[in-house]
$ cat final28.cif   # mmCIF, N, CA and C atoms
data_input
#
loop_
_atom_site.label_atom_id
_atom_site.label_comp_id
_atom_site.auth_asym_id
_atom_site.auth_seq_id
_atom_site.Cartn_x
_atom_site.Cartn_y
_atom_site.Cartn_z
N MET S 1 -16.16 10.03 -36.82
CA MET S 1 -16.81 9.15 -35.88
C MET S 1 -15.77 8.29 -35.15
N ARG S 2 -14.76 7.80 -35.90
CA ARG S 2 -13.73 6.99 -35.27
C ARG S 2 -12.95 7.79 -34.23
N ASN S 3 -12.72 9.07 -34.52
CA ASN S 3 -11.98 9.92 -33.56
C ASN S 3 -12.76 10.07 -32.27
N ILE S 4 -14.07 10.19 -32.34
CA ILE S 4 -14.89 10.34 -31.14
C ILE S 4 -14.85 9.06 -30.31
N VAL S 5 -14.98 7.90 -30.98
CA VAL S 5 -14.92 6.62 -30.28
C VAL S 5 -13.53 6.43 -29.67
N GLY S 6 -12.49 6.75 -30.42
CA GLY S 6 -11.13 6.63 -29.91
C GLY S 6 -10.89 7.53 -28.71
N ALA S 7 -11.41 8.75 -28.77
CA ALA S 7 -11.26 9.69 -27.65
C ALA S 7 -12.01 9.18 -26.43
N ALA S 8 -13.19 8.62 -26.65
CA ALA S 8 -13.97 8.08 -25.54
C ALA S 8 -13.25 6.90 -24.89
N LEU S 9 -12.67 6.02 -25.70
CA LEU S 9 -11.91 4.90 -25.15
C LEU S 9 -10.68 5.36 -24.39
N LEU S 10 -9.99 6.36 -24.91
CA LEU S 10 -8.82 6.90 -24.23
C LEU S 10 -9.20 7.53 -22.89
N ALA S 11 -10.29 8.28 -22.88
CA ALA S 11 -10.75 8.91 -21.64
C ALA S 11 -11.12 7.85 -20.60
N THR S 12 -11.78 6.78 -21.06
CA THR S 12 -12.14 5.69 -20.14
C THR S 12 -10.90 5.01 -19.60
N ALA S 13 -9.91 4.75 -20.45
CA ALA S 13 -8.67 4.11 -20.01
C ALA S 13 -7.94 4.98 -18.99
N LEU S 14 -7.89 6.28 -19.22
CA LEU S 14 -7.24 7.17 -18.26
C LEU S 14 -7.98 7.22 -16.94
N ALA S 15 -9.29 7.20 -16.99
CA ALA S 15 -10.09 7.21 -15.76
C ALA S 15 -9.83 5.95 -14.95
N VAL S 16 -9.79 4.81 -15.62
CA VAL S 16 -9.52 3.55 -14.93
C VAL S 16 -8.12 3.54 -14.37
N ALA S 17 -7.14 4.03 -15.12
CA ALA S 17 -5.76 4.10 -14.63
C ALA S 17 -5.67 5.00 -13.42
N GLY S 18 -6.40 6.11 -13.42
CA GLY S 18 -6.41 7.01 -12.28
C GLY S 18 -6.98 6.35 -11.05
N GLU S 19 -8.03 5.55 -11.22
CA GLU S 19 -8.62 4.84 -10.09
C GLU S 19 -7.65 3.82 -9.53
N ALA S 20 -6.95 3.10 -10.41
CA ALA S 20 -5.99 2.09 -9.95
C ALA S 20 -4.87 2.75 -9.16
N ALA S 21 -4.38 3.90 -9.63
CA ALA S 21 -3.30 4.60 -8.94
C ALA S 21 -3.75 5.08 -7.57
N ALA S 22 -5.04 5.43 -7.45
CA ALA S 22 -5.56 5.92 -6.17
C ALA S 22 -5.67 4.80 -5.15
N GLU S 23 -5.56 3.53 -5.59
CA GLU S 23 -5.66 2.40 -4.68
C GLU S 23 -4.35 2.10 -3.98
N CYS S 24 -3.29 2.81 -4.31
CA CYS S 24 -1.99 2.59 -3.69
C CYS S 24 -1.47 3.90 -3.10
N VAL S 25 -0.75 3.77 -1.99
CA VAL S 25 -0.07 4.92 -1.39
C VAL S 25 1.35 4.49 -1.03
N CYS S 26 2.27 5.41 -1.14
CA CYS S 26 3.66 5.16 -0.75
C CYS S 26 3.83 5.58 0.70
N ARG S 27 4.35 4.68 1.51
CA ARG S 27 4.54 4.94 2.93
C ARG S 27 5.85 4.30 3.38
N CYS S 28 6.35 4.76 4.52
CA CYS S 28 7.49 4.13 5.16
C CYS S 28 6.97 2.91 5.92
N ILE S 29 7.49 1.73 5.57
CA ILE S 29 7.07 0.48 6.19
C ILE S 29 8.29 -0.15 6.83
N ASP S 30 8.25 -0.30 8.14
CA ASP S 30 9.39 -0.86 8.88
C ASP S 30 10.69 -0.13 8.55
N GLY S 31 10.60 1.18 8.34
CA GLY S 31 11.79 2.00 8.09
C GLY S 31 12.23 2.07 6.65
N GLU S 32 11.50 1.42 5.72
CA GLU S 32 11.86 1.46 4.31
C GLU S 32 10.65 1.88 3.49
N LEU S 33 10.89 2.61 2.42
CA LEU S 33 9.81 3.08 1.56
C LEU S 33 9.19 1.94 0.78
N GLY S 34 7.86 1.89 0.75
CA GLY S 34 7.16 0.85 0.00
C GLY S 34 5.75 1.31 -0.31
N ALA S 35 5.06 0.54 -1.14
CA ALA S 35 3.69 0.86 -1.54
C ALA S 35 2.71 -0.04 -0.79
N ILE S 36 1.62 0.56 -0.34
CA ILE S 36 0.52 -0.18 0.25
C ILE S 36 -0.64 -0.05 -0.71
N CYS S 37 -1.12 -1.20 -1.20
CA CYS S 37 -2.18 -1.19 -2.21
C CYS S 37 -3.42 -1.92 -1.70
N VAL S 38 -4.57 -1.45 -2.13
CA VAL S 38 -5.83 -2.11 -1.83
C VAL S 38 -6.22 -2.87 -3.09
N GLY S 39 -6.42 -4.16 -2.95
CA GLY S 39 -6.77 -4.99 -4.10
C GLY S 39 -5.59 -5.84 -4.52
N SER S 40 -5.88 -7.09 -4.85
CA SER S 40 -4.80 -8.01 -5.19
C SER S 40 -4.34 -7.89 -6.63
N THR S 41 -5.11 -7.22 -7.49
CA THR S 41 -4.73 -7.11 -8.90
C THR S 41 -4.07 -5.78 -9.22
N VAL S 42 -3.89 -4.92 -8.24
CA VAL S 42 -3.30 -3.60 -8.45
C VAL S 42 -1.78 -3.75 -8.53
N VAL S 43 -1.19 -3.14 -9.54
CA VAL S 43 0.27 -3.14 -9.69
C VAL S 43 0.82 -2.00 -8.84
N PRO S 44 1.70 -2.29 -7.88
CA PRO S 44 2.25 -1.23 -7.03
C PRO S 44 3.03 -0.20 -7.85
N PRO S 45 2.91 1.08 -7.49
CA PRO S 45 3.65 2.11 -8.21
C PRO S 45 5.11 2.15 -7.77
N VAL S 46 5.92 2.82 -8.55
CA VAL S 46 7.31 3.09 -8.14
C VAL S 46 7.23 4.36 -7.30
N CYS S 47 7.64 4.25 -6.06
CA CYS S 47 7.56 5.39 -5.14
C CYS S 47 8.74 6.32 -5.34
N ALA S 48 8.48 7.62 -5.25
CA ALA S 48 9.55 8.62 -5.35
C ALA S 48 10.51 8.42 -4.18
N PRO S 49 11.81 8.48 -4.45
CA PRO S 49 12.78 8.25 -3.37
C PRO S 49 12.64 9.26 -2.24
N ARG S 50 12.73 8.77 -1.03
CA ARG S 50 12.77 9.64 0.16
C ARG S 50 13.33 8.83 1.31
N VAL S 51 13.83 9.53 2.31
CA VAL S 51 14.43 8.89 3.47
C VAL S 51 13.35 8.65 4.52
N CYS S 52 13.29 7.43 5.01
CA CYS S 52 12.32 7.08 6.06
C CYS S 52 13.01 7.08 7.41
N PRO S 53 12.33 7.59 8.45
CA PRO S 53 12.91 7.48 9.78
C PRO S 53 12.98 6.01 10.21
N THR S 54 13.92 5.70 11.05
CA THR S 54 14.07 4.34 11.54
C THR S 54 12.85 3.96 12.37
N ALA S 55 12.32 2.78 12.12
CA ALA S 55 11.17 2.30 12.88
C ALA S 55 11.65 1.79 14.24
N PRO S 56 10.87 2.04 15.29
CA PRO S 56 11.25 1.52 16.61
C PRO S 56 11.27 -0.01 16.60
N GLN S 57 12.14 -0.60 17.37
CA GLN S 57 12.27 -2.05 17.42
C GLN S 57 11.39 -2.62 18.54
N PHE S 58 10.18 -2.96 18.18
CA PHE S 58 9.24 -3.56 19.12
C PHE S 58 8.77 -4.89 18.57
N THR S 59 8.34 -5.76 19.45
CA THR S 59 7.75 -7.03 19.03
C THR S 59 6.37 -6.73 18.48
N PRO S 60 6.06 -7.23 17.28
CA PRO S 60 4.74 -6.93 16.71
C PRO S 60 3.62 -7.57 17.51
N PRO S 61 2.46 -6.91 17.53
CA PRO S 61 1.32 -7.52 18.21
C PRO S 61 0.89 -8.76 17.45
N ARG S 62 0.29 -9.70 18.13
CA ARG S 62 -0.18 -10.92 17.48
C ARG S 62 -1.45 -10.63 16.69
N ILE S 63 -1.56 -11.32 15.56
CA ILE S 63 -2.78 -11.20 14.77
C ILE S 63 -3.54 -12.51 14.87
N ALA S 64 -4.84 -12.44 14.76
CA ALA S 64 -5.66 -13.64 14.82
C ALA S 64 -5.31 -14.56 13.65
N GLN S 65 -5.23 -15.84 13.90
CA GLN S 65 -4.90 -16.81 12.86
C GLN S 65 -6.14 -17.11 12.02
N THR S 66 -6.39 -16.26 11.05
CA THR S 66 -7.51 -16.45 10.14
C THR S 66 -6.96 -16.57 8.72
N ALA S 67 -7.80 -17.00 7.81
CA ALA S 67 -7.38 -17.11 6.41
C ALA S 67 -7.13 -15.71 5.86
N PRO S 68 -6.08 -15.53 5.05
CA PRO S 68 -5.83 -14.22 4.45
C PRO S 68 -6.97 -13.82 3.52
N PRO S 69 -7.16 -12.54 3.26
CA PRO S 69 -8.21 -12.09 2.35
C PRO S 69 -8.05 -12.72 0.96
N ALA S 70 -9.13 -12.78 0.22
CA ALA S 70 -9.12 -13.36 -1.13
C ALA S 70 -8.06 -12.67 -1.99
N GLY S 71 -7.31 -13.46 -2.72
CA GLY S 71 -6.28 -12.92 -3.61
C GLY S 71 -4.94 -12.74 -2.95
N THR S 72 -4.82 -13.05 -1.65
CA THR S 72 -3.54 -12.93 -0.95
C THR S 72 -3.18 -14.29 -0.38
N THR S 73 -1.91 -14.46 -0.04
CA THR S 73 -1.47 -15.74 0.50
C THR S 73 -0.97 -15.65 1.93
N GLN S 74 -0.53 -14.47 2.34
CA GLN S 74 -0.02 -14.33 3.70
C GLN S 74 -0.16 -12.90 4.20
N CYS S 75 -0.24 -12.77 5.52
CA CYS S 75 -0.34 -11.45 6.16
C CYS S 75 0.73 -11.35 7.23
N ARG S 76 1.14 -10.11 7.52
CA ARG S 76 2.11 -9.86 8.59
C ARG S 76 1.82 -8.50 9.20
N MET S 77 2.29 -8.32 10.41
CA MET S 77 2.17 -7.02 11.07
C MET S 77 3.41 -6.21 10.72
N ALA S 78 3.21 -4.93 10.38
CA ALA S 78 4.31 -4.05 10.02
C ALA S 78 4.07 -2.68 10.64
N GLN S 79 5.16 -1.96 10.87
CA GLN S 79 5.07 -0.60 11.37
C GLN S 79 5.02 0.33 10.17
N VAL S 80 3.93 1.09 10.06
CA VAL S 80 3.71 2.00 8.93
C VAL S 80 3.69 3.42 9.46
N LEU S 81 4.46 4.30 8.82
CA LEU S 81 4.53 5.70 9.26
C LEU S 81 3.24 6.42 8.92
N ASN S 82 2.60 7.00 9.92
CA ASN S 82 1.39 7.80 9.72
C ASN S 82 1.85 9.21 9.36
N PRO S 83 1.54 9.69 8.14
CA PRO S 83 2.04 11.00 7.73
C PRO S 83 1.43 12.15 8.54
N GLN S 84 0.25 11.95 9.11
CA GLN S 84 -0.37 13.03 9.89
C GLN S 84 0.25 13.18 11.27
N SER S 85 0.55 12.05 11.93
CA SER S 85 1.12 12.13 13.27
C SER S 85 2.64 12.08 13.27
N GLY S 86 3.23 11.57 12.15
CA GLY S 86 4.69 11.43 12.11
C GLY S 86 5.20 10.27 12.95
N ARG S 87 4.30 9.37 13.34
CA ARG S 87 4.67 8.23 14.18
C ARG S 87 4.34 6.93 13.47
N TYR S 88 5.09 5.89 13.81
CA TYR S 88 4.80 4.57 13.27
C TYR S 88 3.63 3.94 14.00
N GLU S 89 2.78 3.24 13.24
CA GLU S 89 1.63 2.53 13.80
C GLU S 89 1.63 1.12 13.25
N TRP S 90 1.16 0.16 14.04
CA TRP S 90 1.10 -1.22 13.58
C TRP S 90 -0.07 -1.38 12.62
N MET S 91 0.19 -2.09 11.52
CA MET S 91 -0.85 -2.35 10.52
C MET S 91 -0.63 -3.77 9.96
N GLU S 92 -1.73 -4.45 9.71
CA GLU S 92 -1.64 -5.77 9.09
C GLU S 92 -1.55 -5.59 7.58
N LEU S 93 -0.48 -6.10 6.97
CA LEU S 93 -0.28 -6.02 5.52
C LEU S 93 -0.35 -7.42 4.94
N CYS S 94 -1.10 -7.59 3.87
CA CYS S 94 -1.26 -8.90 3.22
C CYS S 94 -0.79 -8.81 1.79
N ARG S 95 -0.26 -9.93 1.31
CA ARG S 95 0.12 -10.00 -0.11
C ARG S 95 -0.09 -11.39 -0.62
#
$ encode --input "final28.cif" --output "structure tokens"
Amino acid sequence: MRNIVGAALLATALAVAGEAAAECVCRCIDGELGAICVGSTVVPPVCAPRVCPTAPQFTPPRIAQTAPPAGTTQCRMAQVLNPQSGRYEWMELCR
């Protein structure tokens, strides 16, 4: 009986860990590799090393001066490489 309960707890822990990992993606941000995570309690993963293309040097678009989302303290505009188009796109990143 203990083995069944232990197996069930292990399966639940792995499922939760899998969901947490799915909340983060590794992307090129402003020309450097980094993790983009959804949720303030998610621990960013260590991204596999890769070379990012240099981001174009443009002035970031202005963002509306609103309060950052719950669990974050500040937001900024960053150029994030879109893997489908191969081009950098502006995205608001908060932490």
$ closest_residue --input "final28.cif" --among "S:Val25, S:Ile63, S:Ala55, S:Met91" --to "Cys37 in chain S" --atoms "all atoms listed in the file"
S:Val25
$ closest_residue --input "final28.cif" --among "S:Ser40, S:Pro61, S:Ile29, S:Pro53" --to "Arg95 in chain S" --atoms "only N, CA and C atoms"
S:Ser40
$ atom_distance --input "final28.cif" --atom1 "atom C of Gly39 in chain S" --atom2 "atom C of Gln65 in chain S"
20.0 Å
$ atom_distance --input "final28.cif" --atom1 "atom C of Pro56 in chain S" --atom2 "CA of Gln79 in chain S"
8.1 Å
$ residues_around --input "final28.cif" --residues "Gln74 in chain S" --least-positions-apart "2" --cutoff "12 Å" --atoms "only C-alpha atoms" --output "VMD selection string"
chain S and resid 40 63 65 to 72 76 to 77 92 to 95
$ resolve_selection --input "final28.cif" --expression "the PyMOL selection byres (((chain S and resi 86 and name CA) around 12) and name CA)" --output "list in words"
Arg27, Cys28, Cys52, Pro53, Thr54, Ala55, Val80, Leu81, Asn82, Pro83, Gln84, Ser85, Arg87, Tyr88 and Glu89 of chain S
$ write_last_selection --input "final28.cif" --atoms "N, CA and C atoms" --output "PDB file, in the coordinates of the input"
ATOM      1  N   ARG S  27       4.350   4.680   1.510  1.00  0.00           N
ATOM      2  CA  ARG S  27       4.540   4.940   2.930  1.00  0.00           C
ATOM      3  C   ARG S  27       5.850   4.300   3.380  1.00  0.00           C
ATOM      4  N   CYS S  28       6.350   4.760   4.520  1.00  0.00           N
ATOM      5  CA  CYS S  28       7.490   4.130   5.160  1.00  0.00           C
ATOM      6  C   CYS S  28       6.970   2.910   5.920  1.00  0.00           C
ATOM      7  N   CYS S  52      13.290   7.430   5.010  1.00  0.00           N
ATOM      8  CA  CYS S  52      12.320   7.080   6.060  1.00  0.00           C
ATOM      9  C   CYS S  52      13.010   7.080   7.410  1.00  0.00           C
ATOM     10  N   PRO S  53      12.330   7.590   8.450  1.00  0.00           N
ATOM     11  CA  PRO S  53      12.910   7.480   9.780  1.00  0.00           C
ATOM     12  C   PRO S  53      12.980   6.010  10.210  1.00  0.00           C
ATOM     13  N   THR S  54      13.920   5.700  11.050  1.00  0.00           N
ATOM     14  CA  THR S  54      14.070   4.340  11.540  1.00  0.00           C
ATOM     15  C   THR S  54      12.850   3.960  12.370  1.00  0.00           C
ATOM     16  N   ALA S  55      12.320   2.780  12.120  1.00  0.00           N
ATOM     17  CA  ALA S  55      11.170   2.300  12.880  1.00  0.00           C
ATOM     18  C   ALA S  55      11.650   1.790  14.240  1.00  0.00           C
ATOM     19  N   VAL S  80       3.930   1.090  10.060  1.00  0.00           N
ATOM     20  CA  VAL S  80       3.710   2.000   8.930  1.00  0.00           C
ATOM     21  C   VAL S  80       3.690   3.420   9.460  1.00  0.00           C
ATOM     22  N   LEU S  81       4.460   4.300   8.820  1.00  0.00           N
ATOM     23  CA  LEU S  81       4.530   5.700   9.260  1.00  0.00           C
ATOM     24  C   LEU S  81       3.240   6.420   8.920  1.00  0.00           C
ATOM     25  N   ASN S  82       2.600   7.000   9.920  1.00  0.00           N
ATOM     26  CA  ASN S  82       1.390   7.800   9.720  1.00  0.00           C
ATOM     27  C   ASN S  82       1.850   9.210   9.360  1.00  0.00           C
ATOM     28  N   PRO S  83       1.540   9.690   8.140  1.00  0.00           N
ATOM     29  CA  PRO S  83       2.040  11.000   7.730  1.00  0.00           C
ATOM     30  C   PRO S  83       1.430  12.150   8.540  1.00  0.00           C
ATOM     31  N   GLN S  84       0.250  11.950   9.110  1.00  0.00           N
ATOM     32  CA  GLN S  84      -0.370  13.030   9.890  1.00  0.00           C
ATOM     33  C   GLN S  84       0.250  13.180  11.270  1.00  0.00           C
ATOM     34  N   SER S  85       0.550  12.050  11.930  1.00  0.00           N
ATOM     35  CA  SER S  85       1.120  12.130  13.270  1.00  0.00           C
ATOM     36  C   SER S  85       2.640  12.080  13.270  1.00  0.00           C
ATOM     37  N   ARG S  87       4.300   9.370  13.340  1.00  0.00           N
ATOM     38  CA  ARG S  87       4.670   8.230  14.180  1.00  0.00           C
ATOM     39  C   ARG S  87       4.340   6.930  13.470  1.00  0.00           C
ATOM     40  N   TYR S  88       5.090   5.890  13.810  1.00  0.00           N
ATOM     41  CA  TYR S  88       4.800   4.570  13.270  1.00  0.00           C
ATOM     42  C   TYR S  88       3.630   3.940  14.000  1.00  0.00           C
ATOM     43  N   GLU S  89       2.780   3.240  13.240  1.00  0.00           N
ATOM     44  CA  GLU S  89       1.630   2.530  13.800  1.00  0.00           C
ATOM     45  C   GLU S  89       1.630   1.120  13.250  1.00  0.00           C
TER      46      GLU S  89
END
$ atom_distance --input "final28.cif" --atom1 "CA of Val46 in chain S" --atom2 "CA of Trp90 in chain S"
23.0 Å
$ select_by_dssp --input "final28.cif" --residues "range 13-83 of chain S" --states "strand (DSSP E or B)" --output "ChimeraX atom specification"
/S:24-29,32-37,75-82
